[in-house]
Every structure is written in C-alpha cells, then in structure tokens.
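Working notes for the structure below.
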Amino acid sequence: MNKKIFVITLLLCGTMSAAAQLLPYQNPTLSADERAEDLLGRLTLKEKAKLMRNGSPAIERLGIPAWDWWSEALHGVGRNGISTTFPSCIGMAASFDDELIGRVFTAVSDEARAKNTQMRREGKATGKYQCLSFWTPTVNIFRDPRWGRGQESYGEDPYQNGRMGSVVVRALQGEPSPYYKLYACAKHFAVHSGPEKLRHSMNIEDLPARDLWESYLPAFKVLVQEAGVKEVMCAYQRLDGDPCCGSNRLLQHILRDEWGFKGVVVSDCGAIGDFWQPKRHGVSKDQPAASAKAVLSGTDVECGAHYGSLPEAVKRGDISEEQINVSVRRLLKGRIEMGNLDPDSLVNWTSIPNSVVNCEAHKQLARKMGREQMVLLKNNGILPLTGKTRKDIMVMGPNAADSTMLWGIYFGKPKHTVTPLEGLQERLGKLPFLTACGITSMTVKEQAVGKTIENAADGSTTLQMIDKGEHTYTIAEILKAAKKAKTIIFVGGISPNLEREQARVSEPGFDGGDRTSIELPQVQRDILKALHKAGKRIVFVCCSGSAVALAPEMDTCDAIVEAWYAGEQGGHALADVLLGDYNPSGKLPVTFYKDDAQLPPFDDYKMKNRTYRFFEGEPLFPFGYGLSYTTFKTSTPNIRMNSEGGYNISIDVTNTGLREGAEVIQVYLRRPGDTGGPIKTLRGYTRTHELKAGETETVSISLPRKDFEWWDNTTNTMRILPGLFEVLIGTSSADKDLQKLEVTLL
C-alpha cells in the first residue's frame, strides 16, 4: 500500500473510532441539523430558556460553553480592544466600490476570527463582543438625514443597500468549509429609521403597501435570498400595531414563509421589554406573555433578560415547550455551524493568526477606503493644493485634531489614529493650527498633547491629553490668529458624539442622537463667513455621518470636501486628496438638500418627497454626485437584450483631463406613466479603473430580468412587470448627467 494512503487510512480510522465514542451532538462527522436535534433532546426547559438569551451561560453537564450572540463589526471589530477602524458605512457607500468593501470586510472577519481564537485559547471567549455572531450590516434605507444612525447604513437607496450589504455578508460569513467564518446579521427588520427618542413606543401605521415592499423591504430580501445571511435582527417599533419582534406578518409570513429564511432571528436590545413595560408598546401584560409572543412570532434569541421567564410562560399555557424547541433548534444549529462546540483543531478559520489584527496591510486598506470615500462637492480650482497654494496654510476647526471623531460609532480602538492635522503636517511640516470653536459653540475645551503612553497589555499607544481648561473664542481672535495665512483648511462639520444611537445630548441642532436641523452649525458658518470676508481662500472639510445643508458655504468656501467619518487613517487619506496624490472619485449615497424646509416631517414614514427617488424639489447636491480633478466624457450607450430576457449595457468612458482618475457609471430605471412610482431608481453601477489622461475604458453593466421588478397596482405586489422602461445612464442621478434609452420588457 502507498505510504501516504496508509497514513490517511490510519487517520480516518482514528477519527471514526473517536467519533464512535462521542454522543451524536458531539460528533463533527454528523450534519449540523442532526447534531442540533440530538442536543435539543438532552436539554431541560430551563436550559433552553438560558440558551435563548444573547448572553448564554455554560451548560456544563453537556459541555456547552458560555456564549454571547452580541458582537459588533459595523466598520471594524467593535468594542473588543484593538482592531482596524475603517471609515463609516455611509462613507464606504460613497466609494461605490463593491470589490473594496469586500476586501475591507474580509479583513474585518479575519480580525474577528483571530481575536476569538486567541480568546478561546486563553479561556476568555465567552462574553459580550467576544464571540462569532456579529450584528451587522445595517440595511435600513437612510430615508431622512436627521436620523442619527443613518451613518450605519449604505445610503438612501434600497438597491445599493442590498448590493453592498450582500458583499458585507459574504465577506463576514465566508464559505462554509464546513464551518462558517462568522454569522452576519441583517438589521433592523423592518421599517426603521428614527426618531431615536420614539423607537420604544412608536407605531408606524397607514404606511402604503407600495412603500413597504418597494422601499423598506428589498434590501432585506436580497440579503436573505441572495447573500444567505444567517441572522436577522427585528426592530424596536411597531408596524400597524405589532412590535416588529412580535410580528407574525414580518417574521413568519414574509421573512420565513415567503422568503424562505432558515436562520436565527435576534431581538434588538431591550425590545421584548418594550412589549409590556409602562409607556411603551403595551401589547403584553407581563414578561412571560411578552416572551411567549416574541417566540411564537419567530424571535429566537433575545438581547435582554426577559426570556428567563419562558418556563413560567409554559407553565401557565402561554406557549408550549415544543414551540420553544423551534427556536432552540435553530440557535443550536448556528453555534455548531460556527464551530463553537468543536475543538479549534477541526475549525479551519482558527488558523488565522492574531498578527492580522490592526496589521500594516489593514491600515493601508483603511487608508485606501478613506481616500475612495471622500466626495469633492465644490472646487473653484484651488484643489489640489500645489505650488504656491501649499504655502501660508493654516489648519482650523473642531474636527481637525479630533481622533475619536474619525472612529464614527460602534468602533474598535486602533493602535494609532491619524487626525487631519497630523496627516497634513506629516506632509507639509508644522502648520499653524487653531481649534477656533466647538461643533456648536465658540467654547472649546483646550487640551495639549503630553507624552505617548504605551499599553503593555495590547501594544497600543495613546496620547496623554493635558487639560488646559475652557476657552471661548471670538471672531476677532480667530482672524488675528489667521492674519498671515492665505489658505485656511477648516475641518468642521458635525460629530458622532452628537449623531448616534439614542445619545443623551441636547445641543443646538441635535436631540437624543438625531438632528433637529441639517444646517451646518451656525458657529462654524459664522467663522467661515468672516474668514471669507477677510480674503482667505477656504477649503472646507465636512466630517459627518449624514447630509449637511451647505448652501451658504457654496458662497464662502473655495472648495468643499465631504470626508464623512474617515476611519483611523483618515488624516492620511485627506492629505492624499487635498494635496493631489489621489484624485477624489467618491459619489454621494444620499441626497444633500438645500435646507431644512425641503424635508417632510421626520416621523412620517411615507416615501413621498423623500430621497432622490421621490424628491420633487431641486437638491443642493443630488444622489450619485461627486467632482474630480479631471474630466470625463461618456459615449452614447449601447443596450441589447441578453439570453435571460434582461439587458446588457456598454458605454465608453474617456478621461479628457490632465490627471489620472476614476469615474462611477450609474444606471437608473424609470417607468413612464407610473405616477405613484419612483422618479428614477438605481439598478446598477460600476467604477472604472484609474484612467490615465486620454485613456478610455468600455464599461459593461448588466440589468438582469429581476431588476425590472416593479410595483403592480393590479395585484398590490412586486413582480417583474413587462412593458416600457426608460434606462438612464450617467454619472449622477441628476437628469443633466444622464442619457436616456427606452426598452420594452417582454
């Protein structure tokens, strides 16, 4: 016998012999379904209830380790020590670069697995934020710029959220071989986007069926049916009287019966308590009743403590143990599929070394994404800063030296964060700097940088900040400090400290994590106006997680760059863009409105006059908009039917300018005569490669037949609808940037 075959035979025999000594649920040669079924039959009711909470204690008699379903990876491994912090999700959406997003979240899942493996080996991988179930991506559409959590999404378009969310899911979960790398979670299902202060009691009623199916559900459907997401998180609020985590319509009829979802449904944190606690939903009388309602509706895992009352609910007849088993079976299968019940030696993903965490390659990836996500909104020729314009520069603004602003929300902690000031000074030498103001007032809490402190435990470094007290600036002081400067780089905007999940803040323009106004805070507006009046050239860098109304700044600023919350390498990325080492190519994934008056009431969920798809006014900057340091010309597009009954589009893109750069080609559909439908809706996009001056690339975009799914008024359903469509192809959603073709779908 061949020696190699003999050795393999011995190993297989050894494995089979060992497996014969295991109980079925311990046997890795059996399917996850078989193992889960066996283990389910060995659990007591009380143990089942414990396993259905996000923080599940160990069941020692069966060798089940402690586990927590709650981990975060919004744009990097969050709340679990050192990790690479990538730009905010809304920023990554502005890249319109699926391939790069896939690379980012492959890096995120590598770091997540490596950290979990290290903790398992240290006996620590049992608590919150330490396990393998990651509650991301957020694919709620960013329907209103006042929503403080909109930065977690991939913009206001359902197609883009579904497409980018699918990339994230696949990169996080990996290919099961046979184990999943992680579990990803689509959230928050469904019809959820603020106001934050009302989410625990709000009832969304009278929502047109068309809005539900055409705008709020499509991204979730794509993640379930095409990306194979393993978890779905139900939202806080009620929809037509039922809490989302207790909605048979959402969780059973739509998610499981119609879409075929087989995975785990988790509740948002505290959502089950909202069923019965005073001044909230008031649909259940107490904890057992609320827990029973949630489980019967399909919520398998609770983030909270109410499911501890499930045995009481069974005892009094609110629910049967067999009905509880349905959920427990699903969550046991999930833990088995992630390798939680097996030794590391059997799980292929445990070979990822801990050295990948915040490694140099991931830092460079964060820098690349930081550059691609920046959107040039205005430029009178001042950018890029070259030659004489690089001299006599002063840096100013409340976000210029703020490292944590760059982290956005739900962040990890990088070993070092490059602020805009640091990134510019590394390239240009020491520059004069003045904070000038806070986000919303002239008062600044001044801090001086002290010595660098190294954390021996994890190798990270932090800067010791020495408090110098508060200082309230005046316009006169600011102008005096800027007297010798000719160019001001003002890094302002807003802050994730003010726009985030249910924040306990109340400052001008902000309330409870949301915004009451989308205008740039008046204090910054006044400073920019004064600097302009003093004859300064102004480059305004707007850091935000949402659209900011910048109409006055179009007059006072020479250039405007939307930098979002740009991640740990944001300072380097910004310097690359401002100094011309990288030509900005980002496009807006949300509409930038002119002012507050263009917005409907925040708590109205009807889509009328919302987002570029239904907005009837003239925005300041349209969805899909973004300038470049070069110019592009597109040919007349060619469209032809393919063998599947859809269409293939090709168009030539030529760099007609002097600098290398990339362009994003976008495809929209419109159905003429559909008065209740979207004005136009995104159905495709692609980035060119970095085109050299004079270079041409032929871009191809397919429109599969399924992309012509449309609302059918005769059946009140979404279906592929034959008939006449306009195909709009160009470089933004604005009509002036689009070429129109007509096709008739057979």
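Ordering of the structure tokens sets the chain letters (A, B, ...); residue numbers start at 1 within each chain; ligands are numbered from 1 in the order shown.
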Please identify the alpha helix (DSSP H) residues within segment 210-377 of chain A (assignment by DSSP from backbone atoms) and present them as a PyMOL selection string. chain A and resi 210-211+218-225+248+287-297+310-315+321-337+360-372
Got time to write the residues from that selection, C-alpha atoms, as a short mmCIF file (atom, residue, chain, number, x, y, z; two decimals), in the first residue's frame?
```
data_model
loop_
_atom_site.label_atom_id
_atom_site.label_comp_id
_atom_site.auth_asym_id
_atom_site.auth_seq_id
_atom_site.Cartn_x
_atom_site.Cartn_y
_atom_site.Cartn_z
CA ARG A 210 -46.10 50.07 -2.03
CA ASP A 211 -43.68 51.94 0.23
CA PRO A 218 -35.98 45.00 -0.82
CA ALA A 219 -32.52 45.15 0.79
CA PHE A 220 -33.51 42.60 3.43
CA LYS A 221 -34.94 40.29 0.78
CA VAL A 222 -31.69 40.39 -1.19
CA LEU A 223 -29.59 39.63 1.90
CA VAL A 224 -31.82 36.67 2.78
CA GLN A 225 -32.35 35.15 -0.65
CA ASN A 248 -46.22 37.31 12.58
CA GLN A 287 -42.68 39.36 30.99
CA PRO A 288 -43.88 35.78 30.35
CA ALA A 289 -46.59 36.98 27.96
CA ALA A 290 -44.16 39.24 26.11
CA SER A 291 -41.57 36.47 25.84
CA ALA A 292 -44.14 33.99 24.57
CA LYS A 293 -45.45 36.45 21.96
CA ALA A 294 -41.93 37.09 20.67
CA VAL A 295 -41.00 33.41 20.39
CA LEU A 296 -44.30 32.46 18.78
CA SER A 297 -43.72 35.20 16.20
CA LEU A 310 -40.25 31.37 29.38
CA PRO A 311 -40.58 28.42 31.78
CA GLU A 312 -43.27 30.40 33.59
CA ALA A 313 -44.95 31.12 30.24
CA VAL A 314 -45.01 27.37 29.50
CA LYS A 315 -46.36 26.59 32.95
CA GLU A 321 -42.18 23.64 25.03
CA GLU A 322 -42.49 22.24 21.50
CA GLN A 323 -42.91 25.79 20.20
CA ILE A 324 -39.82 26.86 22.13
CA ASN A 325 -37.93 23.96 20.59
CA VAL A 326 -38.35 25.50 17.14
CA SER A 327 -36.18 28.44 18.15
CA VAL A 328 -33.68 26.45 20.22
CA ARG A 329 -33.11 24.07 17.32
CA ARG A 330 -32.15 27.00 15.08
CA LEU A 331 -29.74 28.61 17.54
CA LEU A 332 -28.04 25.28 18.35
CA LYS A 333 -27.51 24.68 14.66
CA GLY A 334 -25.97 28.14 14.36
CA ARG A 335 -23.47 27.58 17.14
CA ILE A 336 -22.50 24.22 15.64
CA GLU A 337 -22.06 25.77 12.18
CA GLU A 360 0.04 47.22 8.33
CA ALA A 361 -1.86 45.74 5.39
CA HIS A 362 -5.18 46.51 7.07
CA LYS A 363 -4.05 50.04 7.89
CA GLN A 364 -3.24 50.59 4.23
CA LEU A 365 -6.64 49.17 3.31
CA ALA A 366 -8.25 51.67 5.69
CA ARG A 367 -6.28 54.46 4.01
CA LYS A 368 -7.36 53.32 0.55
CA MET A 369 -11.01 53.23 1.57
CA GLY A 370 -10.57 56.57 3.33
CA ARG A 371 -9.46 58.11 0.04
CA GLU A 372 -12.09 56.49 -2.18
#
```
What's around Gly571 of chain A at 7 Å? Count only C-alpha atoms, leave out sequence neighbours fewer than 5 positions away in its own chain, and write the answer as an MDAnalysis selection string. chainID A and resid 418:423
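Neighbours of Arg500 of chain A closer than or equal to 12 Å, with only C-alpha atoms counted and sequence neighbours fewer than 6 positions away skipped, come out as Ser88, Arg146, Trp147, Gly148, Arg149, Gly150, Gln151, Glu152, Ser193, Gly194, Pro195, Glu196, Lys197, Met405, Gly408, Ile409, Tyr410, Phe411, Ile494, Phe510, Asp511, Gly512, Gly513, Asp514, Arg515, Ser544, Gly545 and Ser546 of chain A.
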Write out as a PDB file with N, CA and C atoms, in the first residue's frame each polymer residue whose atoms come within 12 Å of Pro65 of chain A, counting only C-alpha atoms; drop sequence neighbours fewer than 2 positions from it.
```pdb
ATOM      1  N   LEU A  51     -30.323  29.401  26.957  1.00  0.00           N
ATOM      2  CA  LEU A  51     -29.631  29.450  25.670  1.00  0.00           C
ATOM      3  C   LEU A  51     -30.263  30.450  24.710  1.00  0.00           C
ATOM      4  N   GLY A  55     -26.683  36.574  26.102  1.00  0.00           N
ATOM      5  CA  GLY A  55     -25.631  36.126  26.992  1.00  0.00           C
ATOM      6  C   GLY A  55     -26.019  34.805  27.612  1.00  0.00           C
ATOM      7  N   SER A  56     -25.536  33.712  27.024  1.00  0.00           N
ATOM      8  CA  SER A  56     -25.954  32.381  27.456  1.00  0.00           C
ATOM      9  C   SER A  56     -24.886  31.765  28.349  1.00  0.00           C
ATOM     10  N   PRO A  57     -25.253  31.334  29.560  1.00  0.00           N
ATOM     11  CA  PRO A  57     -24.268  30.695  30.436  1.00  0.00           C
ATOM     12  C   PRO A  57     -23.895  29.308  29.932  1.00  0.00           C
ATOM     13  N   ALA A  58     -22.812  28.785  30.442  1.00  0.00           N
ATOM     14  CA  ALA A  58     -22.397  27.434  30.080  1.00  0.00           C
ATOM     15  C   ALA A  58     -23.384  26.412  30.632  1.00  0.00           C
ATOM     16  N   ILE A  59     -23.627  25.365  29.859  1.00  0.00           N
ATOM     17  CA  ILE A  59     -24.367  24.194  30.342  1.00  0.00           C
ATOM     18  C   ILE A  59     -23.306  23.118  30.553  1.00  0.00           C
ATOM     19  N   GLU A  60     -22.721  23.117  31.723  1.00  0.00           N
ATOM     20  CA  GLU A  60     -21.516  22.326  31.962  1.00  0.00           C
ATOM     21  C   GLU A  60     -21.757  20.831  31.854  1.00  0.00           C
ATOM     22  N   ARG A  61     -22.919  20.365  32.235  1.00  0.00           N
ATOM     23  CA  ARG A  61     -23.156  18.923  32.218  1.00  0.00           C
ATOM     24  C   ARG A  61     -23.150  18.359  30.799  1.00  0.00           C
ATOM     25  N   LEU A  62     -23.375  19.239  29.813  1.00  0.00           N
ATOM     26  CA  LEU A  62     -23.368  18.817  28.411  1.00  0.00           C
ATOM     27  C   LEU A  62     -22.152  19.351  27.646  1.00  0.00           C
ATOM     28  N   GLY A  63     -21.269  20.054  28.339  1.00  0.00           N
ATOM     29  CA  GLY A  63     -20.076  20.581  27.689  1.00  0.00           C
ATOM     30  C   GLY A  63     -20.339  21.740  26.754  1.00  0.00           C
ATOM     31  N   TRP A  67     -21.604  31.608  25.956  1.00  0.00           N
ATOM     32  CA  TRP A  67     -21.643  32.184  24.598  1.00  0.00           C
ATOM     33  C   TRP A  67     -22.445  33.469  24.640  1.00  0.00           C
ATOM     34  N   ASP A  68     -22.076  34.422  23.773  1.00  0.00           N
ATOM     35  CA  ASP A  68     -22.883  35.632  23.624  1.00  0.00           C
ATOM     36  C   ASP A  68     -23.083  35.899  22.138  1.00  0.00           C
ATOM     37  N   ARG A 120     -10.338  32.229  22.946  1.00  0.00           N
ATOM     38  CA  ARG A 120     -10.707  30.843  23.274  1.00  0.00           C
ATOM     39  C   ARG A 120      -9.529  30.115  23.904  1.00  0.00           C
ATOM     40  N   GLY A 123      -9.201  31.011  27.313  1.00  0.00           N
ATOM     41  CA  GLY A 123     -10.377  30.737  28.127  1.00  0.00           C
ATOM     42  C   GLY A 123     -11.258  31.939  28.361  1.00  0.00           C
ATOM     43  N   LYS A 124     -11.231  32.931  27.435  1.00  0.00           N
ATOM     44  CA  LYS A 124     -11.958  34.176  27.640  1.00  0.00           C
ATOM     45  C   LYS A 124     -13.089  34.416  26.632  1.00  0.00           C
ATOM     46  N   ALA A 125     -13.202  33.609  25.601  1.00  0.00           N
ATOM     47  CA  ALA A 125     -14.145  33.902  24.516  1.00  0.00           C
ATOM     48  C   ALA A 125     -15.556  33.477  24.873  1.00  0.00           C
ATOM     49  N   THR A 126     -16.105  34.102  25.899  1.00  0.00           N
ATOM     50  CA  THR A 126     -17.436  33.714  26.356  1.00  0.00           C
ATOM     51  C   THR A 126     -18.371  34.897  26.549  1.00  0.00           C
ATOM     52  N   GLY A 127     -17.856  36.110  26.518  1.00  0.00           N
ATOM     53  CA  GLY A 127     -18.657  37.263  26.885  1.00  0.00           C
ATOM     54  C   GLY A 127     -19.102  38.108  25.713  1.00  0.00           C
ATOM     55  N   CYS A 131     -17.598  36.758  20.865  1.00  0.00           N
ATOM     56  CA  CYS A 131     -17.921  35.529  20.147  1.00  0.00           C
ATOM     57  C   CYS A 131     -18.040  35.787  18.641  1.00  0.00           C
ATOM     58  N   LEU A 332     -29.039  26.339  18.167  1.00  0.00           N
ATOM     59  CA  LEU A 332     -28.037  25.284  18.351  1.00  0.00           C
ATOM     60  C   LEU A 332     -27.331  24.978  17.034  1.00  0.00           C
ATOM     61  N   ARG A 335     -24.698  27.699  16.365  1.00  0.00           N
ATOM     62  CA  ARG A 335     -23.472  27.577  17.143  1.00  0.00           C
ATOM     63  C   ARG A 335     -22.608  26.428  16.627  1.00  0.00           C
ATOM     64  N   ILE A 336     -23.242  25.351  16.207  1.00  0.00           N
ATOM     65  CA  ILE A 336     -22.497  24.224  15.637  1.00  0.00           C
ATOM     66  C   ILE A 336     -21.857  24.631  14.321  1.00  0.00           C
ATOM     67  N   GLY A 339     -18.674  26.339  14.703  1.00  0.00           N
ATOM     68  CA  GLY A 339     -17.617  25.583  15.357  1.00  0.00           C
ATOM     69  C   GLY A 339     -17.522  25.807  16.845  1.00  0.00           C
ATOM     70  N   ASN A 340     -18.564  26.369  17.442  1.00  0.00           N
ATOM     71  CA  ASN A 340     -18.494  26.717  18.857  1.00  0.00           C
ATOM     72  C   ASN A 340     -18.440  25.496  19.766  1.00  0.00           C
ATOM     73  N   LEU A 341     -18.954  24.364  19.302  1.00  0.00           N
ATOM     74  CA  LEU A 341     -18.969  23.166  20.136  1.00  0.00           C
ATOM     75  C   LEU A 341     -17.838  22.196  19.802  1.00  0.00           C
ATOM     76  N   ASP A 342     -16.948  22.610  18.887  1.00  0.00           N
ATOM     77  CA  ASP A 342     -15.869  21.722  18.461  1.00  0.00           C
ATOM     78  C   ASP A 342     -14.500  22.300  18.798  1.00  0.00           C
ATOM     79  N   PRO A 343     -13.488  21.442  18.906  1.00  0.00           N
ATOM     80  CA  PRO A 343     -12.134  21.939  19.192  1.00  0.00           C
ATOM     81  C   PRO A 343     -11.587  22.754  18.026  1.00  0.00           C
TER      82      PRO A 343
END
```
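Straight-line separation from atom CA of Thr487 of chain A to atom CA of Lys391 of chain A: 8.0 Å.
Considering the residues A:Lys680, A:His192, A:Arg256, A:Lys533 and counting only C-alpha atoms, Leu239 of chain A has its shortest atom-to-atom contact with A:His192.
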Which residues come within 10 Å of Gln425 of chain A, counting only C-alpha atoms, excluding same-chain residues fewer than 6 positions away, as an NGL selection string? :A and (395 or 419 or 431-432 or 571-572 or 575)
Contacts of segment 652-656 of chain A at 7 Å or less, counting only C-alpha atoms, minus same-chain residues fewer than 5 places along, as a PyMOL selection string? chain A and resi 631-635+691-699
Leu207 of chain A surroundings by only C-alpha atoms, 10 Å radius, close-in-sequence under 6 positions cut, as a PyMOL selection string: chain A and resi 191+239-240+604-607
For each of A:Cys185, A:Leu682, A:Val108, A:Ala482, take the minimum atom-to-atom distance to Val77 of chain A, counting only C-alpha atoms, then give the residue where this is smallest. A:Val108
Choose the residue, out of A:Leu250, A:Gly469, A:Glu231, A:Gly260, that has the smallest atom-to-atom separation from Lys445 of chain A; count only C-alpha atoms. A:Gly469
